[in-house]
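*Asks:* Quick one: this structure, given as structure tokens, is what I'll be asking you about.
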Amino acid sequence: MRKLSLAIICLLCIVGCTETKKSNTTKTQGAMAHSVGKINELSVIVDNELWKGSVGDTIRKYFGAEVPGLPQEEPLFSMRQMPMEAFSGLARKNRTFLWIRKGKKNEMDILTNKFATPQVGAVVSGTEKEIAAAIRQSHEMIISKFKAVETAEKQSRIKKSLEKIPQLKEKLGINVNIPTAYRVAIEEDTFFWIRKDIPHGSMNLMVYEMPLDAVKKDSNTVGSIIKMRDSIGAAKIPTSEAGHFITEEAYAPYLYETILDNRFTFETKGTWEIKDRFMAGPFVNYVIEDKVNNRLVVLEGFVFAPSVNKRDNMFELEAIIKTVKFE
């Protein structure tokens with residue numbers, strides 16, 4: 001009897017170990033690799049001939065379109081084209097991809113975390129005309145999803161090393177995830193200038209509050225935002241006596257409506273300048289309605305970096321600002 005009991009116990013142990021091993025193996029096999037790639041780098045999987053023709057022209061028109069608000073032309077995405085046979089191994093781990101499949105059933109699909117995580121891929125199938133038409137019809141939605149995953153990835157990287165600025169919460173009642181490379185240049189009761197030195201220039205954040213009626217949703221919204229930021233820039237950003245930090249006058253800024261931390265927000269993109277010093281650069285300005293506290297909270301990012309590309313600098317500033325949380 002004792003021998004039988006011992007045999008049963010041994011059998012149960014063997015079965016248990018086998019099941020555990022199977023479970024661990026399944027978990028290992030099912031683990032999703034982390035996606036790779038530079039921010040705003042897009043893999044385009046399309047045959048070489050299609051890339052050289054009308055399909056490639058359509059892709060470049062929309063996904064290589066000029067980023068609004070920059071002083072020089074820079075594309076929305078840095079595209080890397082490859083034929084289907086090259087789309088394997090590490091190439092499948094890129095965070096965003098556009099996959100063109102000629103000759104398949106006419107359809108468009110969004111793949112989430114298909115080969116890695118986080119990852120978003122758009123698959124467009126059909127004839128050349130159908131593919132081009134689908135891209136024209138759906139490019140805004142696809143770009144929005146690509147930008148969302150890129151913003152989340154940038155914010156994840158930022159979160160790994162944060163600068164502690166408790167004064168933002170104490171004085172303005174907000175929290176913003178700001179990387180350790182940034183420092184507070186000016187701090188007042190309701191105004192902060194936070195900056196980071198970069199090769200050939202600097203990246204900057206302004207955070208301040210204004211009366212709730214300083215910017216209204218009407219036909220003069222852009223004018224009100226320009227008036228507001230010019231008055232703040234002239235008063236708070238130190239320049240020589242030769243000129244003030246103002247909105248570039250030759251071109252009207254781009255105005256959008258969005259939501260930050262569940263609050264209605266005006267998003268403005270344009271160019272700043274200091275006229276007589278021949279200094280200029282891009283800015284992005286967010287005016288957030290905080291009706292509970294009867295005020296507007298303004299967060300603005302701007303870059304000074306002459307003669308170099310600024311797309312990724314501005315994207316970082318936007319990603320930082322979009323982490324804002326109200327207490």
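Just remember, in the structure tokens the first chain shown is A, the second B, etc., residues are 1-based per chain, and ligands are 1-based in the order shown.
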Please list as a compact mmCIF listing (two decimals) with C-alpha atoms, in the first residue's frame every residue within 12 Å of Leu260 in chain A, counting only C-alpha atoms and excluding residues in the same chain fewer than 6 positions away.

*Replies:*
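Once written, selection_2.txt looks like this:
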# COMPACT_ATOMS: atom_id res chain seq x y z
CA VAL A 176 3.78 67.68 -16.64
CA PHE A 266 -6.83 75.31 -28.97
CA GLU A 267 -3.67 74.01 -30.66
CA TYR A 286 -1.88 74.87 -26.43
CA VAL A 287 -4.56 77.00 -24.77
CA ILE A 288 -6.48 74.77 -22.34
CA GLU A 289 -9.83 75.76 -20.85
CA ASP A 290 -9.88 75.27 -17.09
CA VAL A 297 -3.66 77.31 -18.86
CA VAL A 298 -1.19 77.82 -21.69
CA LEU A 299 1.65 75.47 -22.55
CA GLU A 318 4.37 68.22 -28.12
CA ALA A 319 4.72 64.81 -26.43
CA ILE A 320 5.81 66.52 -23.19
CA ILE A 321 2.92 69.00 -23.24
CA LYS A 322 0.38 66.23 -23.90
CA THR A 323 1.28 64.61 -20.55
CA VAL A 324 -0.34 67.54 -18.69
CA LYS A 325 -2.63 66.55 -15.84
CA PHE A 326 -4.75 68.91 -13.73

*Asks:* Please return as a ChimeraX atom specification: the residues of range 33-211 of chain A that backbone DSSP assigns to alpha helix (DSSP H).

*Replies:* /A:48-52,54-63,128-159,167

*Asks:* Would you list the contacts of range 235-238 of chain A as a VMD selection string, taking every protein, DNA or RNA residue within 12 Å and counting only C-alpha atoms, but skipping same-chain residues closer than 2 positions in sequence?

*Replies:* chain A and resid 185 to 188 190 to 195 204 to 208 228 to 233 240 to 246 272 to 274 302

*Asks:* Which neighbours of range 131-136 of chain A fall inside 9 Å, counting only C-alpha atoms, when residues of the same chain fewer than 2 positions from it are skipped, and could you give them as an mmCIF file with all heavy atoms, in the first residue's frame?

*Replies:*
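Result saved to result-v5.cif:
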data_model
loop_
_atom_site.group_PDB
_atom_site.id
_atom_site.type_symbol
_atom_site.label_atom_id
_atom_site.label_comp_id
_atom_site.auth_asym_id
_atom_site.auth_seq_id
_atom_site.Cartn_x
_atom_site.Cartn_y
_atom_site.Cartn_z
ATOM 1 N N SER A 54 2.605 55.392 -59.627
ATOM 2 C CA SER A 54 1.559 56.240 -59.052
ATOM 3 C C SER A 54 1.261 55.902 -57.594
ATOM 4 O O SER A 54 0.931 56.794 -56.799
ATOM 5 C CB SER A 54 0.273 56.118 -59.881
ATOM 6 O OG SER A 54 -0.203 54.773 -59.891
ATOM 7 N N VAL A 55 1.388 54.620 -57.226
ATOM 8 C CA VAL A 55 1.156 54.233 -55.829
ATOM 9 C C VAL A 55 2.201 54.892 -54.932
ATOM 10 O O VAL A 55 1.879 55.458 -53.877
ATOM 11 C CB VAL A 55 1.183 52.698 -55.670
ATOM 12 C CG1 VAL A 55 1.204 52.309 -54.180
ATOM 13 C CG2 VAL A 55 -0.030 52.074 -56.346
ATOM 14 N N GLY A 56 3.465 54.817 -55.351
ATOM 15 C CA GLY A 56 4.526 55.465 -54.577
ATOM 16 C C GLY A 56 4.329 56.970 -54.504
ATOM 17 O O GLY A 56 4.547 57.580 -53.443
ATOM 18 N N ASP A 57 3.906 57.582 -55.596
ATOM 19 C CA ASP A 57 3.651 59.027 -55.586
ATOM 20 C C ASP A 57 2.568 59.387 -54.574
ATOM 21 O O ASP A 57 2.671 60.393 -53.863
ATOM 22 C CB ASP A 57 3.220 59.495 -56.982
ATOM 23 C CG ASP A 57 4.361 59.443 -57.992
ATOM 24 O OD1 ASP A 57 5.531 59.396 -57.568
ATOM 25 O OD2 ASP A 57 4.061 59.439 -59.212
ATOM 26 N N THR A 58 1.519 58.561 -54.514
ATOM 27 C CA THR A 58 0.419 58.821 -53.576
ATOM 28 C C THR A 58 0.891 58.666 -52.136
ATOM 29 O O THR A 58 0.541 59.478 -51.263
ATOM 30 C CB THR A 58 -0.755 57.857 -53.847
ATOM 31 O OG1 THR A 58 -1.158 57.967 -55.209
ATOM 32 C CG2 THR A 58 -1.940 58.182 -52.950
ATOM 33 N N ILE A 59 1.683 57.651 -51.866
ATOM 34 C CA ILE A 59 2.215 57.441 -50.518
ATOM 35 C C ILE A 59 3.081 58.627 -50.098
ATOM 36 O O ILE A 59 2.940 59.169 -48.995
ATOM 37 C CB ILE A 59 3.027 56.134 -50.455
ATOM 38 C CG1 ILE A 59 2.106 54.925 -50.647
ATOM 39 C CG2 ILE A 59 3.783 56.024 -49.121
ATOM 40 C CD1 ILE A 59 2.846 53.605 -50.838
ATOM 41 N N TYR A 62 1.126 61.961 -49.171
ATOM 42 C CA TYR A 62 0.433 62.067 -47.884
ATOM 43 C C TYR A 62 1.327 61.764 -46.677
ATOM 44 O O TYR A 62 1.293 62.499 -45.686
ATOM 45 C CB TYR A 62 -0.794 61.151 -47.874
ATOM 46 C CG TYR A 62 -1.839 61.579 -48.877
ATOM 47 C CD1 TYR A 62 -2.095 60.835 -50.031
ATOM 48 C CD2 TYR A 62 -2.568 62.753 -48.687
ATOM 49 C CE1 TYR A 62 -3.048 61.236 -50.957
ATOM 50 C CE2 TYR A 62 -3.524 63.167 -49.603
ATOM 51 C CZ TYR A 62 -3.753 62.409 -50.739
ATOM 52 O OH TYR A 62 -4.697 62.825 -51.651
ATOM 53 N N ILE A 100 1.608 47.450 -48.607
ATOM 54 C CA ILE A 100 0.834 47.517 -49.844
ATOM 55 C C ILE A 100 0.853 46.135 -50.513
ATOM 56 O O ILE A 100 1.926 45.589 -50.792
ATOM 57 C CB ILE A 100 1.421 48.573 -50.805
ATOM 58 C CG1 ILE A 100 1.522 49.935 -50.118
ATOM 59 C CG2 ILE A 100 0.592 48.641 -52.077
ATOM 60 C CD1 ILE A 100 0.209 50.480 -49.614
ATOM 61 N N ARG A 101 -0.347 45.588 -50.792
ATOM 62 C CA ARG A 101 -0.446 44.250 -51.392
ATOM 63 C C ARG A 101 -1.265 44.339 -52.684
ATOM 64 O O ARG A 101 -2.493 44.408 -52.654
ATOM 65 C CB ARG A 101 -1.095 43.268 -50.411
ATOM 66 C CG ARG A 101 -0.361 43.168 -49.076
ATOM 67 C CD ARG A 101 -0.815 41.977 -48.272
ATOM 68 N NE ARG A 101 -2.241 41.997 -48.023
ATOM 69 C CZ ARG A 101 -2.903 41.004 -47.415
ATOM 70 N NH1 ARG A 101 -2.237 39.927 -47.000
ATOM 71 N NH2 ARG A 101 -4.206 41.085 -47.213
ATOM 72 N N LYS A 102 -0.575 44.356 -53.804
ATOM 73 C CA LYS A 102 -1.241 44.433 -55.092
ATOM 74 C C LYS A 102 -1.828 43.074 -55.481
ATOM 75 O O LYS A 102 -1.218 42.026 -55.236
ATOM 76 C CB LYS A 102 -0.249 44.886 -56.173
ATOM 77 C CG LYS A 102 -0.874 45.045 -57.551
ATOM 78 C CD LYS A 102 0.177 45.426 -58.587
ATOM 79 C CE LYS A 102 -0.445 45.483 -59.972
ATOM 80 N NZ LYS A 102 0.551 45.792 -61.030
ATOM 81 N N ASN A 106 -9.657 43.974 -52.623
ATOM 82 C CA ASN A 106 -9.636 45.395 -52.297
ATOM 83 C C ASN A 106 -10.125 45.627 -50.870
ATOM 84 O O ASN A 106 -11.311 45.464 -50.563
ATOM 85 C CB ASN A 106 -10.526 46.168 -53.279
ATOM 86 C CG ASN A 106 -10.527 47.661 -52.990
ATOM 87 O OD1 ASN A 106 -9.575 48.180 -52.424
ATOM 88 N ND2 ASN A 106 -11.584 48.340 -53.380
ATOM 89 N N GLU A 107 -9.190 45.988 -49.977
ATOM 90 C CA GLU A 107 -9.542 46.250 -48.584
ATOM 91 C C GLU A 107 -8.424 47.028 -47.899
ATOM 92 O O GLU A 107 -7.298 47.110 -48.389
ATOM 93 C CB GLU A 107 -9.806 44.937 -47.828
ATOM 94 C CG GLU A 107 -8.632 43.993 -47.791
ATOM 95 C CD GLU A 107 -8.972 42.672 -47.118
ATOM 96 O OE1 GLU A 107 -10.139 42.487 -46.757
ATOM 97 O OE2 GLU A 107 -8.060 41.854 -46.946
ATOM 98 N N MET A 108 -8.786 47.619 -46.759
ATOM 99 C CA MET A 108 -7.822 48.336 -45.931
ATOM 100 C C MET A 108 -8.021 47.897 -44.497
ATOM 101 O O MET A 108 -9.140 47.855 -44.002
ATOM 102 C CB MET A 108 -8.022 49.851 -46.072
ATOM 103 C CG MET A 108 -6.827 50.686 -45.611
ATOM 104 S SD MET A 108 -6.695 50.872 -43.825
ATOM 105 C CE MET A 108 -8.156 51.857 -43.504
ATOM 106 N N VAL A 124 -3.006 47.847 -47.081
ATOM 107 C CA VAL A 124 -3.881 48.300 -48.155
ATOM 108 C C VAL A 124 -3.706 47.347 -49.337
ATOM 109 O O VAL A 124 -2.585 47.142 -49.816
ATOM 110 C CB VAL A 124 -3.554 49.740 -48.586
ATOM 111 C CG1 VAL A 124 -4.560 50.219 -49.632
ATOM 112 C CG2 VAL A 124 -3.553 50.680 -47.381
ATOM 113 N N SER A 125 -4.820 46.779 -49.799
ATOM 114 C CA SER A 125 -4.781 45.784 -50.867
ATOM 115 C C SER A 125 -5.682 46.186 -52.024
ATOM 116 O O SER A 125 -6.639 46.948 -51.855
ATOM 117 C CB SER A 125 -5.230 44.412 -50.335
ATOM 118 O OG SER A 125 -4.528 44.056 -49.164
ATOM 119 N N GLY A 126 -5.372 45.637 -53.220
ATOM 120 C CA GLY A 126 -6.209 45.877 -54.389
ATOM 121 C C GLY A 126 -5.381 46.132 -55.627
ATOM 122 O O GLY A 126 -4.184 45.847 -55.672
ATOM 123 N N THR A 127 -6.018 46.675 -56.646
ATOM 124 C CA THR A 127 -5.308 47.091 -57.849
ATOM 125 C C THR A 127 -4.584 48.402 -57.560
ATOM 126 O O THR A 127 -4.805 49.032 -56.506
ATOM 127 C CB THR A 127 -6.277 47.295 -59.016
ATOM 128 O OG1 THR A 127 -7.155 48.394 -58.690
ATOM 129 C CG2 THR A 127 -7.115 46.049 -59.260
ATOM 130 N N GLU A 128 -3.754 48.844 -58.477
ATOM 131 C CA GLU A 128 -3.023 50.100 -58.274
ATOM 132 C C GLU A 128 -4.000 51.260 -58.047
ATOM 133 O O GLU A 128 -3.805 52.077 -57.136
ATOM 134 C CB GLU A 128 -2.124 50.395 -59.477
ATOM 135 C CG GLU A 128 -0.918 49.466 -59.584
ATOM 136 C CD GLU A 128 0.057 49.908 -60.659
ATOM 137 O OE1 GLU A 128 0.255 51.134 -60.815
ATOM 138 O OE2 GLU A 128 0.621 49.038 -61.344
ATOM 139 N N LYS A 129 -5.049 51.348 -58.842
ATOM 140 C CA LYS A 129 -6.021 52.426 -58.699
ATOM 141 C C LYS A 129 -6.760 52.326 -57.362
ATOM 142 O O LYS A 129 -6.999 53.334 -56.687
ATOM 143 C CB LYS A 129 -7.016 52.398 -59.855
ATOM 144 C CG LYS A 129 -6.431 52.870 -61.187
ATOM 145 C CD LYS A 129 -7.506 52.939 -62.263
ATOM 146 C CE LYS A 129 -6.932 53.474 -63.572
ATOM 147 N NZ LYS A 129 -7.967 53.559 -64.643
ATOM 148 N N SER A 138 -8.222 57.340 -46.738
ATOM 149 C CA SER A 138 -7.984 56.954 -45.338
ATOM 150 C C SER A 138 -6.687 57.490 -44.748
ATOM 151 O O SER A 138 -6.348 57.152 -43.609
ATOM 152 C CB SER A 138 -7.987 55.421 -45.211
ATOM 153 O OG SER A 138 -9.196 54.863 -45.688
ATOM 154 N N HIS A 139 -5.951 58.315 -45.469
ATOM 155 C CA HIS A 139 -4.624 58.718 -44.981
ATOM 156 C C HIS A 139 -4.685 59.482 -43.653
ATOM 157 O O HIS A 139 -3.807 59.303 -42.799
ATOM 158 C CB HIS A 139 -3.889 59.546 -46.038
ATOM 159 C CG HIS A 139 -4.455 60.919 -46.256
ATOM 160 N ND1 HIS A 139 -5.492 61.164 -47.120
ATOM 161 C CD2 HIS A 139 -4.129 62.123 -45.717
ATOM 162 C CE1 HIS A 139 -5.774 62.449 -47.108
ATOM 163 N NE2 HIS A 139 -4.972 63.054 -46.260
ATOM 164 N N GLU A 140 -5.700 60.307 -43.455
ATOM 165 C CA GLU A 140 -5.784 61.068 -42.207
ATOM 166 C C GLU A 140 -5.951 60.134 -41.011
ATOM 167 O O GLU A 140 -5.309 60.320 -39.961
ATOM 168 C CB GLU A 140 -6.931 62.069 -42.270
ATOM 169 C CG GLU A 140 -6.677 63.225 -43.230
ATOM 170 C CD GLU A 140 -7.790 64.246 -43.194
ATOM 171 O OE1 GLU A 140 -8.820 63.986 -42.528
ATOM 172 O OE2 GLU A 140 -7.647 65.304 -43.834
ATOM 173 N N ILE A 142 -5.082 56.921 -40.850
ATOM 174 C CA ILE A 142 -3.857 56.128 -40.694
ATOM 175 C C ILE A 142 -2.765 56.962 -40.023
ATOM 176 O O ILE A 142 -2.111 56.511 -39.074
ATOM 177 C CB ILE A 142 -3.376 55.597 -42.058
ATOM 178 C CG1 ILE A 142 -4.414 54.663 -42.678
ATOM 179 C CG2 ILE A 142 -2.045 54.864 -41.902
ATOM 180 C CD1 ILE A 142 -4.110 54.273 -44.118
#

*Asks:* Calculated over only C-alpha atoms, which of the candidates A:Ser202, A:Thr117, A:Thr271, A:Thr151 has the smallest distance to Ile39 in chain A?

*Replies:*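 The answer is A:Thr151, which sits nearest to Ile39 in chain A.
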
*Asks:* If you run DSSP on this backbone, which residues of range 112-274 of chain A come out as strand (DSSP E or B), and could you give them as number ranges by chain?

*Replies:* A: 112, 117, 120-126, 162, 174-175, 179, 183-187, 191-198, 201-211, 246-247, 254-260, 263-274

*Asks:* Rank A:Val67, A:Gly121, A:Met203, A:Asn220 by their smallest atom-to-atom distance to Val44 in chain A, using only C-alpha atoms, and report the top residue only.

*Replies:*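 Going through A:Val67, A:Gly121, A:Met203, A:Asn220 one by one, the smallest distance to Val44 in chain A is for A:Gly121.
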
*Asks:* From the set A:Val120, A:Leu50, A:Ile259, A:Val36, which residue has the shortest atom-to-atom contact distance to Gly103 in chain A, counting only C-alpha atoms?

*Replies:* A:Leu50

*Asks:* Report as a ChimeraX atom specification all protein, DNA and RNA residues lying within 12 Å of Arg157 in chain A, evaluated on only C-alpha atoms, omitting residues in the same chain fewer than 4 positions from it.

*Replies:* /A:38-39,150-153,161-162,177-180,316,319-320

*Asks:* Report the distance between CA of Val303 in chain A and CA of Ser144 in chain A in Å, rounded to one decimal place.

*Replies:*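 Interatomic distance, CA of Val303 in chain A to CA of Ser144 in chain A: 23.6 Å.
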
*Asks:* Pick out the closest residue to Leu172 in chain A from this set: A:Lys147, A:Ala280, A:Leu42, A:Asn293. Count only C-alpha atoms.

*Replies:*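 Ranked by minimum distance to Leu172 in chain A, first place goes to A:Asn293.
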